[in-house]
Number of protein chains: 2
Amino acid sequence: MSEVNPGELEGVKNVRLKKTTIHDVAELANVSVTTVSRYLNQRYDAMSEETRHRIAKAITTLNYHPNALARGLKSQKSRTIAVVVVDIRYSFCLSVIRTLSQMYAFTGYSLIVSETNGNPALERQLLEQLLSQQIDALVLQTNGENDAFIQDIARVIPVVVVDRSSNVSGVTNIVTNNFESSYVLTKSLFDQGYHEVLYISESPGRISTRLERLDGYRHGCAESNRSPWIVYVNRGQPTAMRREVQSVLQQVPRALPFAVYTANALLLLDVYPVLRDAGFDIPSQMGLATFDEPDWLELVTPSITHVYQPTEEVGILTANTILNHLEKDTNKQAGKKHVLKSKLVLRDSTRIIADPELFGTSDR
Amino acid sequence: MSEVNPGELEGVKNVRLKKTTIHDVAELANVSVTTVSRYLNQRYDAMSEETRHRIAKAITTLNYHPNALARGLKSQKSRTIAVVVVDIRYSFCLSVIRTLSQMYAFTGYSLIVSETNGNPALERQLLEQLLSQQIDALVLQTNGENDAFIQDIARVIPVVVVDRSSNVSGVTNIVTNNFESSYVLTKSLFDQGYHEVLYISESPGRISTRLERLDGYRHGCAESNRSPWIVYVNRGQPTAMRREVQSVLQQVPRALPFAVYTANALLLLDVYPVLRDAGFDIPSQMGLATFDEPDWLELVTPSITHVYQPTEEVGILTANTILNHLEKDTNKQAGKKHVLKSKLVLRDSTRIIADPELFGTSDR
DNA sequence: CTGTTAGCGCATTCAA
DNA sequence: TTGAATGCGCTAACAG
């Protein structure tokens with residue numbers, strides 16, 4: 001049981017630190033490598049207590065750490081899980097990553113985190129690299145265009161596609177009800193008395209999340225007999241983006257209250273200063289609402305109405321799905337689709353003062 | 001050059017997807033595995049153009065991906081870099097991780113991200129796990145108490161300790177000038193005319209960053225002939241924390257303007273609502289300042305004075321240090337210490353209205 | 001209860 | 001210009 005300071009020991013004996021292997025342990029403990037291997041895998045049942053102790057001692061003495069690469073090579077498992085997202089700064093991504101990180105902290109799995117920046121080609125490249133690394137599971141916020149490849153991956157390891165509708169067979173799909181939430185938010189804005197709702201989004205492309213939110217918005221407009229009013233911006237060029245929003249706002253007739261609805265909070269982060277300083281009172285002249293829930297929405301004045309997505313739930317569900325696949329080899333859940341419900345959180349930025357009844361329907 | 005859909009091919013031939021190995025490629029290309037291996041490592045010089053093409057074709061046909069575990073086992077390199085931080089939500093950590101992620105996107109290195117939650121024991125466990133996984137380099141925001149172990153690690157792979165002073169030999173240390181920044185901020189608050197400065201921090205323990213900020217604050221107080229006024233809180237218990245801050249604020253004499261200075265932005269995030277709603281006008285009655293720079297500081301009203309740390313620079317320096325070690329095997333930089341300079345960003349939350357001259361020195 | 005042995009997939013001498 | 005053979009560190013039959 002003598003505690004040995006590994007630093008001193010290794011430092012003195014062996015500056016080059018030729019790694020100690022299972023053989024060294026076996027030798028020192030006077031057993032075979034097999035027995036050591038058994039010990040490492042807690043197969044204590046078939047082992048005398050004495051050898052067990054000898055091995056334990058040898059291991060601490062040598063400060064031995066099994067080589068996971070070698071283990072993985074044999075077992076075809078790397079005990080590594082990849083999370084590939086567009087941008088870690090999205091509160092959605094951050095929350096999912098943290099939840100996974102917390103849940104895997106004591107399982108021995110490591111989390112590889114990669115960002116695609118919305119680039120399908122980069123996504124493809126990263127996926128190939130990760131496959132090479134023999135990841136045991138994949139959590140992916142895909143940018144589309146790689147479905148065939150993803151399907152191949154799902155044949156080999158559990159794949160969970162989050163935040164994007166996916167019909168790829170074999171993958172577990174976890175999303176939120178974007179269409180409905182967007183619709184409800186839009187409707188609520190009109191119902192509050194805002195005459196029009198400006199929808200600011202990145203160009204949807206083939207990204208389901210954006211398409212669904214857009215559709216929800218359109219549906220809300222249609223139901224309220226208003227024309228959609230949409231501005232597509234490019235988050236890659238924040239300056240141009242702000243300028244564009246600014247110029248749009250300058251054309252707004254001041255007489256009637258209107259609302260601005262941004263399709264995600266990273267957009268709002270960029271344009272918020274422009275909106276705030278455009279000369280409209282929030283919420284009486286201009287309402288403000290967004291998807292996603294970064295911390296700051298509750299901190300600014302007025303606090304901002306938003307759609308809260310159950311990101312923790314997404315993380316937990318993702319983590320459990322993968323753990324089930326991996327540990328219990330349960331393949332039942334594969335291919336299942338989960339649609340979690342978001343929640344509309346009404347805050348001060350859409351508490352209009354004016355009476356909704358004053359305004360008839362009209363279109364611009 | 002015929003494009004083959006890997007999905008179809010593998011799917012049809014082999015549902016179980018027995019992985020294709022270098023042998024399969026060799027066989028199909030009618031060469032030895034050695035030659036294929038050479039091809040994989042771009043040793044084209046000693047290879048006829050024809051075989052090269054045959055191998056290339058075989059690889060795409062079989063949709064072959066080299067097994068990085070096997071490669072790593074031979075080469076003793078996993079092409080994997082670990083980033084171990086306290087909490088990804090710290091803007092410091094997030095920024096460093098993103099910078100690393102961007103810089104390594106095309107290098108073939110993967111980033112393993114882990115959180116310690118400030119727990120040294122968990123940190124130790126994670127480090128052991130990561131070592132087992134044969135990581136090629138380590139970026140660590142340590143919680144202390146593992147220095148001997150870290151020194152061992154640094155003997156084997158490049159280690160960069162960020163955001164914590166470290167004198168462990170062999171590790172590269174990248175920090176910001178916390179003492180000085182904290183001092184400058186404190187001084188600036190007194191100079192603005194705030195009569196006292198309440199310092200809210202987590203208990204510093206042995207964490208250099210916290211100690212230095214605390215010392216800087218104390219030094220600032222001393223220089224201005226004011227007594228320190230410190231509240232230690234526990235971020236793990238946000239409710240208790242808010243209650244405590246609230247009760248402290250209730251005892252403040254309303255006559256004189258004072259300032260609140262939080263030691264990091266995650267703390268401020270938790271207590272901001274309490275501060276805002278405590279009944280003091282910001283900034284005329286209560287000043288507000290913090291370390292760190294999350295996005296929202298500029299968005300709230302009034303905007304919040306803060307210490308901006310050059311997190312991108314930290315990330316770039318970290319990434320380059322590691323790349324130099326890894327690629328060029330340059331061991332010169334090891335053990336070097338870099339102190340980057342933070343910047344005080346004055347905002348509206350500390351633009352006091354009152355005339356500083358009105359207030360003499362006194363202590364509570 | 002314990003040991004021998006044969007690979008896992010790849011890179012690398014050394015020969016040819 | 002190419003190959004055969006060996007081993008990286010570990011696990012798992014299969015023996016004893």
# chains A, B, ... in the order shown; residues from 1 in each chain; ligands from 1
>>> interface_residues(of="chain A", to="chain D", cutoff="7 Å", atoms="only C-alpha atoms (C1' of nucleotides)", output="NGL selection string")
:A and (21 or 67 or 70-71 or 74)
>>> interface_residues(of="chain C", to="chain A", cutoff="8 Å", atoms="only C-alpha atoms (C1' of nucleotides)", output="ChimeraX atom specification")
/C:1-3,8-9
>>> residues_around(residues="Val345 (chain B)", least_positions_apart="3", cutoff="12 Å", atoms="only C-alpha atoms (C1' of nucleotides)", output="JSON, numbers by chain")
{"B": [181, 184, 185, 188, 289, 290, 291, 292, 293, 297, 298, 303, 304, 305, 306, 307, 308, 309, 342, 348, 349, 350, 351]}
>>> select_by_dssp(residues="region 202-337 of chain A", states="helix (DSSP H, G or I)", output="ChimeraX atom specification")
/A:208-223,238-250,265-276,295-298,311-328
>>> atom_distance(atom1="CA of Gly144 (chain A)", atom2="CA of His65 (chain B)")
22.0 Å
>>> closest_residue(among="A:Val233, A:Val85, A:Leu269, A:Val168", to="chain B", atoms="only C-alpha atoms")
A:Leu269
>>> residues_around(residues="Ile59 (chain B)", least_positions_apart="2", cutoff="10 Å", atoms="only C-alpha atoms (C1' of nucleotides)", output="compact mmCIF listing (two decimals) with N, CA and C atoms, in the first residue's frame")
# COMPACT_ATOMS: atom_id res chain seq x y z
N THR B 20 -13.21 -2.49 -43.67
CA THR B 20 -12.19 -2.78 -44.68
C THR B 20 -10.85 -2.30 -44.14
N THR B 21 -9.85 -3.11 -44.34
CA THR B 21 -8.53 -2.79 -43.81
C THR B 21 -7.54 -2.57 -44.94
N ILE B 22 -6.37 -2.29 -44.54
CA ILE B 22 -5.32 -2.05 -45.49
C ILE B 22 -5.07 -3.30 -46.33
N ASP B 24 -7.38 -5.37 -47.45
CA ASP B 24 -8.37 -5.41 -48.54
C ASP B 24 -7.92 -4.52 -49.68
N VAL B 25 -7.44 -3.36 -49.31
CA VAL B 25 -6.97 -2.43 -50.34
C VAL B 25 -5.80 -3.05 -51.10
N ALA B 26 -4.87 -3.61 -50.35
CA ALA B 26 -3.69 -4.22 -50.97
C ALA B 26 -4.11 -5.31 -51.95
N LEU B 28 -7.03 -5.77 -53.48
CA LEU B 28 -7.72 -5.26 -54.66
C LEU B 28 -6.77 -4.54 -55.61
N ALA B 29 -5.77 -3.91 -55.05
CA ALA B 29 -4.85 -3.14 -55.89
C ALA B 29 -3.68 -4.01 -56.36
N VAL B 36 0.67 0.02 -49.78
CA VAL B 36 -0.51 0.81 -49.44
C VAL B 36 -0.18 1.75 -48.28
N LEU B 40 -0.53 5.74 -48.09
CA LEU B 40 -1.28 6.47 -47.08
C LEU B 40 -0.44 7.57 -46.44
N HIS B 53 -2.01 4.97 -58.74
CA HIS B 53 -3.38 5.09 -59.21
C HIS B 53 -4.21 3.87 -58.83
N ARG B 54 -3.63 2.72 -58.96
CA ARG B 54 -4.37 1.50 -58.61
C ARG B 54 -4.81 1.55 -57.15
N ILE B 55 -3.89 2.00 -56.31
CA ILE B 55 -4.22 2.07 -54.89
C ILE B 55 -5.32 3.10 -54.64
N ALA B 56 -5.16 4.25 -55.27
CA ALA B 56 -6.17 5.29 -55.11
C ALA B 56 -7.54 4.76 -55.47
N LYS B 57 -7.58 4.06 -56.58
CA LYS B 57 -8.85 3.53 -57.05
C LYS B 57 -9.41 2.51 -56.06
N THR B 61 -12.92 2.75 -54.15
CA THR B 61 -13.86 1.66 -54.40
C THR B 61 -14.32 1.02 -53.09
N LEU B 62 -13.38 0.77 -52.24
CA LEU B 62 -13.71 0.09 -50.98
C LEU B 62 -14.18 1.07 -49.92
N ASN B 63 -14.11 2.35 -50.24
CA ASN B 63 -14.45 3.37 -49.25
C ASN B 63 -13.63 3.14 -47.98
N TYR B 64 -12.35 3.01 -48.21
CA TYR B 64 -11.46 2.66 -47.11
C TYR B 64 -11.05 3.88 -46.29
N HIS B 65 -11.06 3.71 -44.98
CA HIS B 65 -10.57 4.75 -44.08
C HIS B 65 -9.59 4.13 -43.11
N PRO B 66 -8.38 4.61 -43.09
CA PRO B 66 -7.40 4.03 -42.18
C PRO B 66 -7.85 4.13 -40.74
>>> closest_residue(among="A:Asn119, A:Thr142, A:Asn41, A:Gln151", to="chain B", atoms="only C-alpha atoms")
A:Gln151
>>> atom_distance(atom1="CA of Arg276 (chain B)", atom2="CA of Ser201 (chain B)")
18.0 Å
>>> closest_residue(among="B:Asp270, B:Asp215, B:Glu327, B:Asp191", to="chain A", atoms="only C-alpha atoms")
B:Asp270
>>> residues_around(residues="Ser78 (chain A)", least_positions_apart="4", cutoff="7 Å", atoms="only C-alpha atoms (C1' of nucleotides)", output="PyMOL selection string")
chain A and resi 72+134-136
>>> write_last_selection(atoms="C-alpha atoms", output="compact mmCIF listing (two decimals), in the first residue's frame")
# COMPACT_ATOMS: atom_id res chain seq x y z
CA GLY A 72 -9.48 0.10 -28.68
CA GLN A 134 -13.12 5.07 -34.42
CA ILE A 135 -15.56 7.14 -32.42
CA ASP A 136 -18.14 5.02 -30.66
>>> closest_residue(among="A:Leu130, A:Ser91, A:Thr99, A:Lys337", to="Leu111 (chain B)", atoms="only C-alpha atoms")
A:Leu130
>>> select_by_dssp(residues="region 31-272 of chain B", states="strand (DSSP E or B)", output="ChimeraX atom specification")
/B:80-85,110-115,137-140,159-162,172-176,196-202,229-233,258-262
